[in-house]
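**Student:** Below is a structure I'd like to ask you about.
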There are 2 protein chains.
Amino acid sequence: MTKIGFLGPKGTFSQEAMEEYIRQGGCFSPADYNTIPDIIIAVDSGEMDEAIVPIENSLEGAVNATMDMLAFDVGLFIKAEVVIPVRQNLLVKKGTNLADITQILSHSQPLGQCRKYLNANFPDACVRTVYSTAGAAEEVANGSGRMAAIGSITAARVYGLEAAATNIQDEDSNFTRFVVVSKSDAQRTGRDKTSVVFSTEDKPGSLYRILDIFNLWDINMERIESRPAKNQLGKYIFFVDIEGHRDDPDIRDALTMIKRKTSFYKFLGSYPKHVNAGAGGV
Amino acid sequence: MTKIGFLGPKGTFSQEAMEEYIRQGGCFSPADYNTIPDIIIAVDSGEMDEAIVPIENSLEGAVNATMDMLAFDVGLFIKAEVVIPVRQNLLVKKGTNLADITQILSHSQPLGQCRKYLNANFPDACVRTVYSTAGAAEEVANGSGRMAAIGSITAARVYGLEAAATNIQDEDSNFTRFVVVSKSDAQRTGRDKTSVVFSTEDKPGSLYRILDIFNLWDINMERIESRPAKNQLGKYIFFVDIEGHRDDPDIRDALTMIKRKTSFYKFLGSYPKHVNAGAGGV
């Protein structure tokens, strides 16, 4: 039985992603945690075997807490990815009149994903950021009938709300990518990707020289994401996803060279591509 | 008299950044706005002449609302940047005993900046994300004495709180970079930077070929930041800051070439480097 942690409370998209992962096979015992750092630390300490955490949304971008924990705080690896579509809904107490709504609550990501809808439909409402969509749904359920939450249909069901409007996200191309982290990564399947994080040497052109290495070995870079190095404004670390597995000779040679040419380098794992993850390169 | 918008309410770091900008000269009439989109749209519509908005923090990274508005929603230019140090403090009602604190409130950025302090000192407290640090301070001022807010000394003063702990940010290298946007950018000073945003062609190695252009012209890239293109998971736009002014011949030629080699390109302005902005390259 594999113990797997996910971001609670129940009814979130994280639970949906976990269920999708579990359907791929194996025997799992899930536990929900309050924060992304809590889940990741639970795997690092051995309390959990695996954890599924969001890493990227197609509208809002990188999930910073996940990226920073993997880069700086733990020695874990990515062993799988799961991509799920995100559908947001306006959740209200049964019988609420939309014209009466003066306050809209949700987590910052769903609010960001519905910015245009909110500006068009509720220009005068007070938009309040809360810690989770489930927390928002609960507050609306206990509230005055002048509030609405933004969240999943599952959250509506759990908290006894109704969806006054469905699919209100600004773009239909709204997907969240989750990664499964554990103490080891995955075996080669032939349809794999590899994640690394590094900081370049502190001189002009150093990122260019790293990308030159991928170019030299004809390696497709699928994603590059910068995050602050945290020790100085203007210093960055780069998260890079490339096509292939660490056991592929070209990948192995390129990574060896990158390790030598960077001031900080961390291998984050090789794992099979999720079927929804899309192709492409940058 | 130049009308300048900033992110309210009063007492935030945005006000501090605006005051620093105003000290550089000129005659200004400030107005505070509730959200970053509101401020930027106020300039786009001509209601304000200029706006100062946060774009990057040295711990938390890019400010997505600012980046996305400049890339997708308006045709404005950056005419200046201001960098200020961020000092966070634990704000409580006078006479509160730290051991009684069960709830900690702030905006997500200050919470992210004090993550280690909170884990070490308040592992059991409920951490709640609210819309602004000033909102958090106000709620604490009206609350039960079991709450604390994280915010600036100015916020403590405005809301009659006391700082139970000062400088609680995880890293002393905590700076926020603000940009001033308006309908035109700045003249050449000889110590300038230039910002552009583009998306690469949808094929492997296309980002590498863009950086190759900078390398060819010996142009120092100071920052590269990716954001989702929003139309598909795995597609990105890149914000790049380079050293130099659009009137410099090398910059002009390189930008002409980049415009031709990208599927989406937008010039965001040339402006003088702020004295605190640091040097370096990536």
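Numbering starts fresh at 1 for the residues of each chain in the structure tokens, the chains themselves are lettered A, B, ... in the order given, and ligands are numbered from 1 as they appear.
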How close does each residue of region 52-165 of chain A get to region 96-109 of chain B, giving the shortest atom pair and distance in Å to one decimal for every residue with an atom at most 10 Å away, counting only C-alpha atoms, sorted by chain and residue number, as JSON lines?
**Tutor:**
```
{"residue": "A:Ser108", "atom": "CA", "partner": "B:Ser108", "partner_atom": "CA", "distance": 8.5}
{"residue": "A:Thr129", "atom": "CA", "partner": "B:His107", "partner_atom": "CA", "distance": 8.4}
{"residue": "A:Val130", "atom": "CA", "partner": "B:His107", "partner_atom": "CA", "distance": 9.4}
{"residue": "A:Tyr131", "atom": "CA", "partner": "B:Ser108", "partner_atom": "CA", "distance": 9.0}
```
**Student:** Extract the full set of strand (DSSP E) residues from region 113-265 of chain A according to DSSP on the backbone, and format it as a PyMOL selection string.
**Tutor:** chain A and resi 126-129+147-151+162-165+175-182+192-200+221-228+236-243+262-265
**Student:** Write the selection just made, keeping C-alpha atoms, as an mmCIF file, in the first residue's frame?
**Tutor:**
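out-v2.cif was written with the following content:
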```cif
data_model
loop_
_atom_site.group_PDB
_atom_site.id
_atom_site.type_symbol
_atom_site.label_atom_id
_atom_site.label_comp_id
_atom_site.auth_asym_id
_atom_site.auth_seq_id
_atom_site.Cartn_x
_atom_site.Cartn_y
_atom_site.Cartn_z
ATOM 1 C CA CYS A 126 -15.476 43.122 -3.419
ATOM 2 C CA VAL A 127 -13.138 40.304 -4.450
ATOM 3 C CA ARG A 128 -11.524 38.621 -1.453
ATOM 4 C CA THR A 129 -8.611 36.194 -1.618
ATOM 5 C CA MET A 147 -21.534 36.137 -1.297
ATOM 6 C CA ALA A 148 -20.310 33.800 -4.019
ATOM 7 C CA ALA A 149 -17.321 31.472 -4.175
ATOM 8 C CA ILE A 150 -15.386 30.352 -7.228
ATOM 9 C CA GLY A 151 -14.596 26.669 -7.276
ATOM 10 C CA GLU A 162 -25.378 25.528 -6.289
ATOM 11 C CA ALA A 163 -23.488 26.583 -9.405
ATOM 12 C CA ALA A 164 -25.097 29.856 -10.550
ATOM 13 C CA ALA A 165 -22.751 29.931 -13.547
ATOM 14 C CA PHE A 175 -5.145 22.970 -17.455
ATOM 15 C CA THR A 176 -3.155 22.278 -14.328
ATOM 16 C CA ARG A 177 -0.113 20.058 -14.392
ATOM 17 C CA PHE A 178 0.605 18.083 -11.215
ATOM 18 C CA VAL A 179 3.755 16.136 -10.390
ATOM 19 C CA VAL A 180 4.118 13.098 -8.155
ATOM 20 C CA VAL A 181 7.233 13.356 -5.963
ATOM 21 C CA SER A 182 8.928 10.550 -4.076
ATOM 22 C CA ASP A 192 9.827 10.435 -21.067
ATOM 23 C CA LYS A 193 10.829 13.863 -19.915
ATOM 24 C CA THR A 194 13.532 15.017 -17.540
ATOM 25 C CA SER A 195 13.495 17.998 -15.172
ATOM 26 C CA VAL A 196 16.542 19.832 -13.844
ATOM 27 C CA VAL A 197 17.092 23.134 -12.047
ATOM 28 C CA PHE A 198 20.270 25.199 -12.185
ATOM 29 C CA SER A 199 21.655 28.670 -11.750
ATOM 30 C CA THR A 200 24.020 30.021 -14.352
ATOM 31 C CA MET A 221 13.600 21.804 -24.362
ATOM 32 C CA GLU A 222 9.877 21.788 -23.531
ATOM 33 C CA ARG A 223 9.851 24.398 -20.799
ATOM 34 C CA ILE A 224 12.096 26.944 -19.143
ATOM 35 C CA GLU A 225 10.932 28.793 -16.071
ATOM 36 C CA SER A 226 12.903 31.256 -13.997
ATOM 37 C CA ARG A 227 12.562 31.793 -10.265
ATOM 38 C CA PRO A 228 14.514 34.163 -8.035
ATOM 39 C CA TYR A 236 17.706 33.599 -10.997
ATOM 40 C CA ILE A 237 17.509 29.835 -11.065
ATOM 41 C CA PHE A 238 16.100 28.090 -14.127
ATOM 42 C CA PHE A 239 13.799 25.071 -14.191
ATOM 43 C CA VAL A 240 14.132 23.226 -17.456
ATOM 44 C CA ASP A 241 12.132 20.262 -18.798
ATOM 45 C CA ILE A 242 13.708 18.377 -21.678
ATOM 46 C CA GLU A 243 12.488 15.484 -23.778
ATOM 47 C CA THR A 262 26.525 25.833 -13.709
ATOM 48 C CA SER A 263 27.111 27.225 -10.227
ATOM 49 C CA PHE A 264 24.116 25.288 -8.823
ATOM 50 C CA TYR A 265 22.602 22.166 -10.360
#
```
**Student:** If I take CA of Pro123 (chain B) and CA of Asp170 (chain B), how far is one from the other in Å, to one decimal?
**Tutor:**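 Atom-to-atom, CA of Pro123 (chain B) and CA of Asp170 (chain B) are spaced 15.2 Å apart.
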**Student:** Tell me which of A:Phe214, A:Phe77, A:Phe28, A:Tyr117 sits closest to chain B, counting only C-alpha atoms.
**Tutor:**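 The answer is A:Phe214, which sits nearest to chain B.
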**Student:** Quick one: pull the distance between CA of Ile41 (chain A) and CA of Arg246 (chain A), Å, one decimal.
**Tutor:** 25.2 Å
**Student:** What's the 9 Å shell around region 217-219 of chain A, counting only C-alpha atoms, without same-chain residues fewer than 4 positions away, as a ChimeraX atom specification?
**Tutor:** /A:212-213,242-244,250-251,253-254 /B:204-205
**Student:** Create the file for the chosen residues now, containing N, CA and C atoms and written as a compact mmCIF listing (two decimals), in the first residue's frame.
**Tutor:**
```txt
# COMPACT_ATOMS: atom_id res chain seq x y z
N ASP A 212 22.98 26.25 -25.47
CA ASP A 212 23.87 25.80 -26.53
C ASP A 212 24.17 24.30 -26.37
N ILE A 213 24.28 23.85 -25.13
CA ILE A 213 24.55 22.43 -24.87
C ILE A 213 23.37 21.57 -25.36
N ILE A 242 13.25 18.80 -20.35
CA ILE A 242 13.71 18.38 -21.68
C ILE A 242 13.09 17.03 -22.02
N GLU A 243 13.04 16.75 -23.32
CA GLU A 243 12.49 15.48 -23.78
C GLU A 243 13.55 14.39 -23.65
N GLY A 244 13.17 13.25 -23.07
CA GLY A 244 14.09 12.13 -22.95
C GLY A 244 14.29 11.72 -21.51
N ASP A 250 22.44 10.69 -24.95
CA ASP A 250 22.57 12.13 -25.22
C ASP A 250 22.19 12.96 -24.00
N ILE A 251 21.11 12.55 -23.34
CA ILE A 251 20.66 13.28 -22.15
C ILE A 251 21.73 13.18 -21.06
N ASP A 253 24.94 12.71 -21.31
CA ASP A 253 26.12 13.52 -21.63
C ASP A 253 25.84 15.01 -21.48
N ALA A 254 24.67 15.44 -21.95
CA ALA A 254 24.33 16.86 -21.86
C ALA A 254 24.22 17.29 -20.39
N PRO B 204 11.34 23.31 -31.65
CA PRO B 204 12.48 23.16 -30.74
C PRO B 204 13.61 24.11 -31.10
N GLY B 205 14.27 24.65 -30.10
CA GLY B 205 15.45 25.49 -30.32
C GLY B 205 15.13 26.93 -30.66
```
**Student:** DSSP on the backbone, alpha helix (DSSP H) only: what residues of region 153-215 of chain B does that give? Format it as a JSON list (two decimals) with C-alpha atoms, in the first residue's frame.
**Tutor:**
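And here is the file that came out, result_9.json:
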```json
[["chain", "number", "residue", "atom", "x", "y", "z"],
["B", 153, "ILE", "CA", 5.72, 49.65, 9.92],
["B", 154, "THR", "CA", 3.60, 52.19, 8.02],
["B", 155, "ALA", "CA", 0.63, 49.80, 8.18],
["B", 156, "ALA", "CA", 1.19, 49.42, 11.96],
["B", 157, "ARG", "CA", 1.08, 53.20, 12.32],
["B", 158, "VAL", "CA", -2.02, 53.65, 10.15],
["B", 159, "TYR", "CA", -4.02, 50.94, 11.97],
["B", 206, "SER", "CA", 13.52, 28.67, -31.09],
["B", 207, "LEU", "CA", 14.33, 30.35, -27.76],
["B", 208, "TYR", "CA", 17.97, 29.42, -28.26],
["B", 209, "ARG", "CA", 17.94, 31.16, -31.65],
["B", 210, "ILE", "CA", 16.58, 34.36, -30.06],
["B", 211, "LEU", "CA", 19.28, 34.37, -27.38],
["B", 212, "ASP", "CA", 21.73, 33.77, -30.22],
["B", 213, "ILE", "CA", 20.76, 37.19, -31.60],
["B", 214, "PHE", "CA", 21.67, 38.89, -28.32],
["B", 215, "ASN", "CA", 24.93, 36.95, -28.29]]
```
**Student:** Which one is closest to Ile84 (chain B): A:Val53, A:Pro110, A:Glu20, A:Leu233? Count only C-alpha atoms.
**Tutor:**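 The shortest atom-to-atom distance to Ile84 (chain B) comes from A:Leu233.
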**Student:** Rounded to one decimal in Å, what is the spacing between CA of Ala17 (chain B) and CA of Asp247 (chain B)?
**Tutor:**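 Straight-line distance from CA of Ala17 (chain B) to CA of Asp247 (chain B) works out to 27.7 Å.
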